[in-house]
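Okay, model.cif now, which holds mmCIF, C-alpha atoms and all ligand atoms; chains and numbers go by the auth columns:
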data_target
#
loop_
_atom_site.group_PDB
_atom_site.id
_atom_site.type_symbol
_atom_site.label_atom_id
_atom_site.label_comp_id
_atom_site.label_asym_id
_atom_site.label_seq_id
_atom_site.Cartn_x
_atom_site.Cartn_y
_atom_site.Cartn_z
_atom_site.B_iso_or_equiv
_atom_site.auth_seq_id
_atom_site.auth_asym_id
ATOM 1 C CA MET A 1 -46.947 -32.971 84.582 0.00 32 A
ATOM 2 C CA SER A 2 -45.866 -30.642 87.357 0.00 33 A
ATOM 3 C CA GLN A 3 -45.053 -27.027 86.674 0.00 34 A
ATOM 4 C CA LEU A 4 -41.369 -26.372 86.086 0.00 35 A
ATOM 5 C CA THR A 5 -39.622 -23.225 87.256 0.00 36 A
ATOM 6 C CA CYS A 6 -36.740 -21.407 85.607 0.00 37 A
ATOM 7 C CA PRO A 7 -33.396 -22.242 87.262 0.00 38 A
ATOM 8 C CA VAL A 8 -32.249 -18.647 86.781 0.00 39 A
ATOM 9 C CA ASP A 9 -35.180 -16.464 87.868 0.00 40 A
ATOM 10 C CA ARG A 10 -37.745 -18.953 89.219 0.00 41 A
ATOM 11 C CA SER A 11 -40.543 -17.891 86.907 0.00 42 A
ATOM 12 C CA GLN A 12 -42.756 -20.595 85.437 0.00 43 A
ATOM 13 C CA LEU A 13 -41.570 -22.357 82.320 0.00 44 A
ATOM 14 C CA ILE A 14 -43.991 -22.526 79.393 0.00 45 A
ATOM 15 C CA ASP A 15 -44.391 -25.853 77.621 0.00 46 A
ATOM 16 C CA SER A 16 -43.667 -25.500 73.941 0.00 47 A
ATOM 17 C CA LYS A 17 -43.940 -27.789 70.947 0.00 48 A
ATOM 18 C CA ALA A 18 -43.396 -24.980 68.487 0.00 49 A
ATOM 19 C CA SER A 19 -40.397 -26.605 66.832 0.00 50 A
ATOM 20 C CA GLY A 20 -41.905 -30.092 66.788 0.00 51 A
ATOM 21 C CA GLU A 21 -40.052 -31.234 69.888 0.00 52 A
ATOM 22 C CA GLU A 22 -41.135 -30.850 73.464 0.00 53 A
ATOM 23 C CA SER A 23 -39.336 -28.135 75.356 0.00 54 A
ATOM 24 C CA SER A 24 -40.034 -25.688 78.160 0.00 55 A
ATOM 25 C CA LYS A 25 -39.209 -22.045 77.801 0.00 56 A
ATOM 26 C CA CYS A 26 -38.800 -19.161 80.216 0.00 57 A
ATOM 27 C CA ASP A 27 -40.506 -16.053 78.869 0.00 58 A
ATOM 28 C CA LEU A 28 -38.601 -13.839 81.280 0.00 59 A
ATOM 29 C CA CYS A 29 -34.968 -14.733 80.556 0.00 60 A
ATOM 30 C CA GLY A 30 -35.466 -16.666 77.312 0.00 61 A
ATOM 31 C CA GLY A 31 -33.788 -19.811 78.633 0.00 62 A
ATOM 32 C CA LEU A 32 -34.820 -23.214 77.352 0.00 63 A
ATOM 33 C CA TRP A 33 -35.180 -26.596 79.047 0.00 64 A
ATOM 34 C CA LEU A 34 -34.753 -29.716 76.920 0.00 65 A
ATOM 35 C CA THR A 35 -35.356 -33.200 78.226 0.00 66 A
ATOM 36 C CA THR A 36 -32.594 -35.740 77.817 0.00 67 A
ATOM 37 C CA ALA A 37 -34.769 -37.692 75.373 0.00 68 A
ATOM 38 C CA VAL A 38 -35.137 -34.646 73.132 0.00 69 A
ATOM 39 C CA LEU A 39 -31.443 -33.844 73.175 0.00 70 A
ATOM 40 C CA GLU A 40 -30.538 -37.453 72.460 0.00 71 A
ATOM 41 C CA SER A 41 -32.917 -37.560 69.523 0.00 72 A
ATOM 42 C CA LEU A 42 -31.084 -34.488 68.232 0.00 73 A
ATOM 43 C CA GLU A 43 -27.773 -36.247 68.643 0.00 74 A
ATOM 44 C CA ASP A 44 -28.973 -39.385 66.921 0.00 75 A
ATOM 45 C CA ASN A 45 -29.944 -37.263 63.950 0.00 76 A
ATOM 46 C CA ALA A 46 -26.827 -35.176 64.008 0.00 77 A
ATOM 47 C CA ALA A 47 -24.170 -37.828 64.441 0.00 78 A
ATOM 48 C CA SER A 48 -24.027 -41.547 63.887 0.00 79 A
ATOM 49 C CA ASP A 49 -20.655 -41.776 65.603 0.00 80 A
ATOM 50 C CA ASP A 50 -21.013 -42.987 69.202 0.00 81 A
ATOM 51 C CA MET A 51 -17.617 -41.491 69.970 0.00 82 A
ATOM 52 C CA VAL A 52 -19.171 -38.061 69.666 0.00 83 A
ATOM 53 C CA LYS A 53 -21.613 -38.770 72.475 0.00 84 A
ATOM 54 C CA GLY A 54 -18.709 -39.679 74.710 0.00 85 A
ATOM 55 C CA GLN A 55 -17.316 -36.176 74.260 0.00 86 A
ATOM 56 C CA ARG A 56 -20.526 -34.519 75.363 0.00 87 A
ATOM 57 C CA GLN A 57 -19.456 -33.618 78.860 0.00 88 A
ATOM 58 C CA TYR A 58 -16.176 -31.838 78.398 0.00 89 A
ATOM 59 C CA GLY A 59 -14.859 -29.371 80.966 0.00 90 A
ATOM 60 C CA LYS A 60 -17.767 -29.759 83.352 0.00 91 A
ATOM 61 C CA HIS A 61 -18.275 -27.952 86.629 0.00 92 A
ATOM 62 C CA VAL A 62 -21.132 -27.454 89.094 0.00 93 A
ATOM 63 C CA VAL A 63 -23.162 -24.216 88.946 0.00 94 A
ATOM 64 C CA ASP A 64 -25.578 -22.449 91.302 0.00 95 A
ATOM 65 C CA HIS A 65 -28.623 -23.101 89.139 0.00 96 A
ATOM 66 C CA THR A 66 -30.850 -25.945 90.258 0.00 97 A
ATOM 67 C CA CYS A 67 -32.643 -28.429 88.040 0.00 98 A
ATOM 68 C CA PRO A 68 -36.336 -27.612 87.339 0.00 99 A
ATOM 69 C CA HIS A 69 -37.176 -31.280 87.947 0.00 100 A
ATOM 70 C CA CYS A 70 -35.188 -32.518 90.936 0.00 101 A
ATOM 71 C CA ASN A 71 -33.933 -29.212 92.384 0.00 102 A
ATOM 72 C CA GLU A 72 -30.349 -30.468 92.565 0.00 103 A
ATOM 73 C CA GLN A 73 -27.429 -28.359 91.407 0.00 104 A
ATOM 74 C CA MET A 74 -26.874 -28.629 87.695 0.00 105 A
ATOM 75 C CA ILE A 75 -23.596 -29.296 85.951 0.00 106 A
ATOM 76 C CA ARG A 76 -22.325 -26.894 83.317 0.00 107 A
ATOM 77 C CA PHE A 77 -20.231 -28.300 80.518 0.00 108 A
ATOM 78 C CA ARG A 78 -19.034 -27.590 77.035 0.00 109 A
ATOM 79 C CA TYR A 79 -21.228 -29.321 74.544 0.00 110 A
ATOM 80 C CA ARG A 80 -19.098 -31.761 72.558 0.00 111 A
ATOM 81 C CA GLY A 81 -16.115 -29.485 72.917 0.00 112 A
ATOM 82 C CA TYR A 82 -17.792 -26.650 71.036 0.00 113 A
ATOM 83 C CA ASN A 83 -17.582 -23.185 72.552 0.00 114 A
ATOM 84 C CA LEU A 84 -21.142 -23.752 73.718 0.00 115 A
ATOM 85 C CA GLU A 85 -21.856 -24.256 77.380 0.00 116 A
ATOM 86 C CA ILE A 86 -25.064 -25.837 78.556 0.00 117 A
ATOM 87 C CA GLU A 87 -26.219 -27.054 81.940 0.00 118 A
ATOM 88 C CA ALA A 88 -27.382 -30.558 82.734 0.00 119 A
ATOM 89 C CA CYS A 89 -29.437 -32.196 85.457 0.00 120 A
ATOM 90 C CA PRO A 90 -27.146 -34.402 87.584 0.00 121 A
ATOM 91 C CA ASN A 91 -29.790 -37.146 87.260 0.00 122 A
ATOM 92 C CA ASP A 92 -29.888 -36.904 83.456 0.00 123 A
ATOM 93 C CA GLU A 93 -33.408 -35.506 83.315 0.00 124 A
ATOM 94 C CA GLY A 94 -32.615 -32.711 80.936 0.00 125 A
ATOM 95 C CA PHE A 95 -30.568 -29.725 79.823 0.00 126 A
ATOM 96 C CA TRP A 96 -30.800 -25.987 80.291 0.00 127 A
ATOM 97 C CA LEU A 97 -29.715 -23.466 77.663 0.00 128 A
ATOM 98 C CA ASP A 98 -29.278 -19.844 78.652 0.00 129 A
ATOM 99 C CA LYS A 99 -30.464 -17.135 76.322 0.00 130 A
ATOM 100 C CA SER A 100 -26.867 -15.912 76.243 0.00 131 A
ATOM 101 C CA GLU A 101 -25.903 -19.142 74.479 0.00 132 A
ATOM 102 C CA ASP A 102 -27.763 -17.756 71.479 0.00 133 A
ATOM 103 C CA ARG A 103 -24.815 -15.729 70.324 0.00 134 A
ATOM 104 C CA LYS A 104 -22.355 -18.528 70.975 0.00 135 A
ATOM 105 C CA ILE A 105 -24.370 -20.844 68.773 0.00 136 A
ATOM 106 C CA ARG A 106 -24.104 -18.282 65.995 0.00 137 A
ATOM 107 C CA ASP A 107 -20.372 -18.018 66.599 0.00 138 A
ATOM 108 C CA VAL A 108 -19.998 -21.783 66.350 0.00 139 A
ATOM 109 C CA MET A 109 -21.938 -21.675 63.100 0.00 140 A
ATOM 110 C CA LYS A 110 -19.561 -19.060 61.739 0.00 141 A
ATOM 111 C CA GLN A 111 -16.568 -21.136 62.788 0.00 142 A
ATOM 112 C CA ARG A 112 -17.807 -23.879 60.522 0.00 143 A
ATOM 113 C CA GLY A 113 -16.956 -21.750 57.501 0.00 144 A
ATOM 114 C CA SER A 114 -14.688 -24.464 56.099 0.00 145 A
ATOM 115 C CA ASN A 115 -17.805 -26.285 55.015 0.00 146 A
ATOM 116 C CA LEU A 116 -19.005 -23.536 52.725 0.00 147 A
ATOM 117 C CA GLY A 117 -22.207 -25.194 51.579 0.00 148 A
ATOM 118 C CA ARG A 118 -23.430 -25.906 55.044 0.00 149 A
ATOM 119 C CA ALA A 119 -22.314 -22.504 56.333 0.00 150 A
ATOM 120 C CA ALA A 120 -24.171 -20.739 53.545 0.00 151 A
ATOM 121 C CA SER A 121 -27.238 -22.828 54.220 0.00 152 A
ATOM 122 C CA ALA A 122 -27.033 -22.094 57.933 0.00 153 A
ATOM 123 C CA GLU A 123 -26.622 -18.394 57.185 0.00 154 A
ATOM 124 C CA ARG A 124 -29.678 -18.428 54.966 0.00 155 A
ATOM 125 C CA SER A 125 -31.749 -20.184 57.609 0.00 156 A
ATOM 126 C CA TRP A 126 -30.551 -17.718 60.175 0.00 157 A
ATOM 127 C CA HIS A 127 -31.402 -14.687 58.056 0.00 158 A
ATOM 128 C CA SER A 128 -34.785 -16.000 56.989 0.00 159 A
ATOM 129 C CA ALA A 129 -35.467 -16.796 60.625 0.00 160 A
ATOM 130 C CA ARG A 130 -34.631 -13.235 61.585 0.00 161 A
ATOM 131 C CA ARG A 131 -36.929 -11.794 58.961 0.00 162 A
ATOM 132 C CA GLY A 132 -39.868 -13.870 60.038 0.00 163 A
ATOM 133 C CA GLU A 133 -41.159 -14.868 63.397 0.00 164 A
ATOM 134 C CA LYS A 134 -38.800 -15.100 66.279 0.00 165 A
ATOM 135 C CA VAL A 135 -37.226 -18.543 66.130 0.00 166 A
ATOM 136 C CA GLY A 136 -36.389 -20.289 69.366 0.00 167 A
ATOM 137 C CA ILE A 137 -32.934 -21.311 70.401 0.00 168 A
ATOM 138 C CA PHE A 138 -33.961 -24.916 69.863 0.00 169 A
ATOM 139 C CA GLN A 139 -34.297 -24.329 66.141 0.00 170 A
ATOM 140 C CA ARG A 140 -30.851 -22.809 66.051 0.00 171 A
ATOM 141 C CA VAL A 141 -29.414 -25.774 67.918 0.00 172 A
ATOM 142 C CA LYS A 142 -30.910 -27.933 65.218 0.00 173 A
ATOM 143 C CA GLN A 143 -29.290 -25.777 62.582 0.00 174 A
ATOM 144 C CA LEU A 144 -26.013 -25.979 64.445 0.00 175 A
ATOM 145 C CA PHE A 145 -26.082 -29.744 64.036 0.00 176 A
ATOM 146 C CA GLY A 146 -27.106 -29.516 60.415 0.00 177 A
ATOM 147 C CA ILE A 147 -30.742 -30.614 60.828 0.00 178 A
ATOM 148 C CA HIS A 148 -33.126 -28.636 58.644 0.00 179 A
HETATM 149 ZN ZN ZN B . -35.872 -17.485 83.317 0.00 1 B
HETATM 150 ZN ZN ZN B . -32.797 -32.900 87.777 0.00 2 B
#
Reformat the file's structure so that it appears as structure tokens.
Amino acid sequence: MSQLTCPVDRSQLIDSKASGEESSKCDLCGGLWLTTAVLESLEDNAASDDMVKGQRQYGKHVVDHTCPHCNEQMIRFRYRGYNLEIEACPNDEGFWLDKSEDRKIRDVMKQRGSNLGRAASAERSWHSARRGEKVGIFQRVKQLFGIH
């Protein structure tokens, strides 16, 4: 597998299987690259409703970042209409999450306060994650979709 470079700062991405799924991380900016297969496996676990997948690319626009795989300009969009923007390869090879999306993921989690049980559980995971080792954004995306 060829070496991938960060779309933001061009440093080399580090392959990671820390959370049980393949991903590539930038140690410099903290961004994360997920392949389409990994993201789709997340979605299959998170939602059985095919309608939800159809809403994935809402409000999309082209950005300056280029895809680590094909070097074409990526498309930024709001993930399933959440206030969470991620970037996608135009050839569906994968997705890029900025480190700055970290906070937005937490905000989305807070917005789900109507489901008190899940919110409390997400809060607990978040706090235990903060006490222990640094948990990657991928883990928090999982928590966002209710996968524990
Ligand atoms: Zn980077
Ligand atoms: Zn690409």
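Across the model, the gap from CA of Lys91 (chain A) to CA of Ala68 (chain A) is 20.4 Å.
Running the PyMOL selection byres (((not hetatm)) within 7 of (chain B and resi 2)) on this file leaves Cys98, Pro99, His100, Cys101, Asn102, Glu103, Cys120, Pro121, Asn122, Asp123, Glu124 and Gly125 of chain A selected.
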Give the residue list for ligand ZN 1 (chain B) at 8 Å, counting only C-alpha atoms and all ligand atoms, as a PyMOL selection string, sorted by chain and then by residue number. chain A and resi 36-44+56-62
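Note that CA of Val69 (chain A) and CA of Ser54 (chain A) are 8.1 Å apart.
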Correct to one decimal, the distance CA of His92 (chain A)-CA of Ser55 (chain A) is 23.5 Å
Ground truth for the PyMOL selection byres (((chain A and resi 96) around 6) and not hetatm), written as number ranges by chain: A: 38, 94-95, 97, 104-105
List the residues matched by the PyMOL selection byres (((chain A and resi 107) around 9) and not hetatm) in the displayed structure as number ranges by chain, ordered by chain and then by residue number. A: 88, 90-94, 105-106, 108-109, 116-119
Could you please fill out region 34-53 of chain A with N, CA and C atoms and send it back as a compact mmCIF listing (two decimals), in the frame of the given file?
# COMPACT_ATOMS: atom_id res chain seq x y z
N GLN A 34 -45.54 -28.28 87.24
CA GLN A 34 -45.05 -27.03 86.67
C GLN A 34 -43.56 -26.85 86.96
N LEU A 35 -42.81 -26.57 85.92
CA LEU A 35 -41.37 -26.37 86.09
C LEU A 35 -41.08 -24.89 86.30
N THR A 36 -40.03 -24.62 87.06
CA THR A 36 -39.62 -23.22 87.26
C THR A 36 -38.24 -23.00 86.67
N CYS A 37 -38.02 -21.78 86.21
CA CYS A 37 -36.74 -21.41 85.61
C CYS A 37 -35.62 -21.49 86.65
N PRO A 38 -34.50 -22.14 86.31
CA PRO A 38 -33.40 -22.24 87.26
C PRO A 38 -32.71 -20.91 87.52
N VAL A 39 -32.92 -19.94 86.65
CA VAL A 39 -32.25 -18.65 86.78
C VAL A 39 -33.09 -17.67 87.60
N ASP A 40 -34.37 -17.50 87.23
CA ASP A 40 -35.18 -16.46 87.87
C ASP A 40 -36.45 -17.00 88.54
N ARG A 41 -36.63 -18.31 88.49
CA ARG A 41 -37.74 -18.95 89.22
C ARG A 41 -39.13 -18.65 88.65
N SER A 42 -39.21 -18.07 87.49
CA SER A 42 -40.54 -17.89 86.91
C SER A 42 -40.97 -19.21 86.26
N GLN A 43 -42.26 -19.33 85.95
CA GLN A 43 -42.76 -20.60 85.44
C GLN A 43 -42.35 -20.81 83.99
N LEU A 44 -41.92 -22.02 83.69
CA LEU A 44 -41.57 -22.36 82.32
C LEU A 44 -42.84 -22.69 81.54
N ILE A 45 -42.85 -22.28 80.27
CA ILE A 45 -43.99 -22.53 79.39
C ILE A 45 -43.68 -23.73 78.51
N ASP A 46 -44.57 -24.71 78.52
CA ASP A 46 -44.39 -25.85 77.62
C ASP A 46 -44.53 -25.41 76.18
N SER A 47 -43.65 -25.90 75.34
CA SER A 47 -43.67 -25.50 73.94
C SER A 47 -43.44 -26.70 73.04
N LYS A 48 -44.20 -26.80 71.98
CA LYS A 48 -43.94 -27.79 70.95
C LYS A 48 -43.77 -27.09 69.61
N ALA A 49 -43.42 -25.82 69.68
CA ALA A 49 -43.40 -24.98 68.49
C ALA A 49 -42.46 -25.54 67.42
N SER A 50 -41.36 -26.13 67.82
CA SER A 50 -40.40 -26.60 66.83
C SER A 50 -40.54 -28.10 66.61
N GLY A 51 -41.66 -28.68 67.04
CA GLY A 51 -41.90 -30.09 66.79
C GLY A 51 -41.35 -31.00 67.86
N GLU A 52 -40.59 -30.45 68.78
CA GLU A 52 -40.05 -31.23 69.89
C GLU A 52 -40.51 -30.59 71.18
N GLU A 53 -40.71 -31.40 72.19
CA GLU A 53 -41.14 -30.85 73.46
C GLU A 53 -39.99 -30.09 74.13
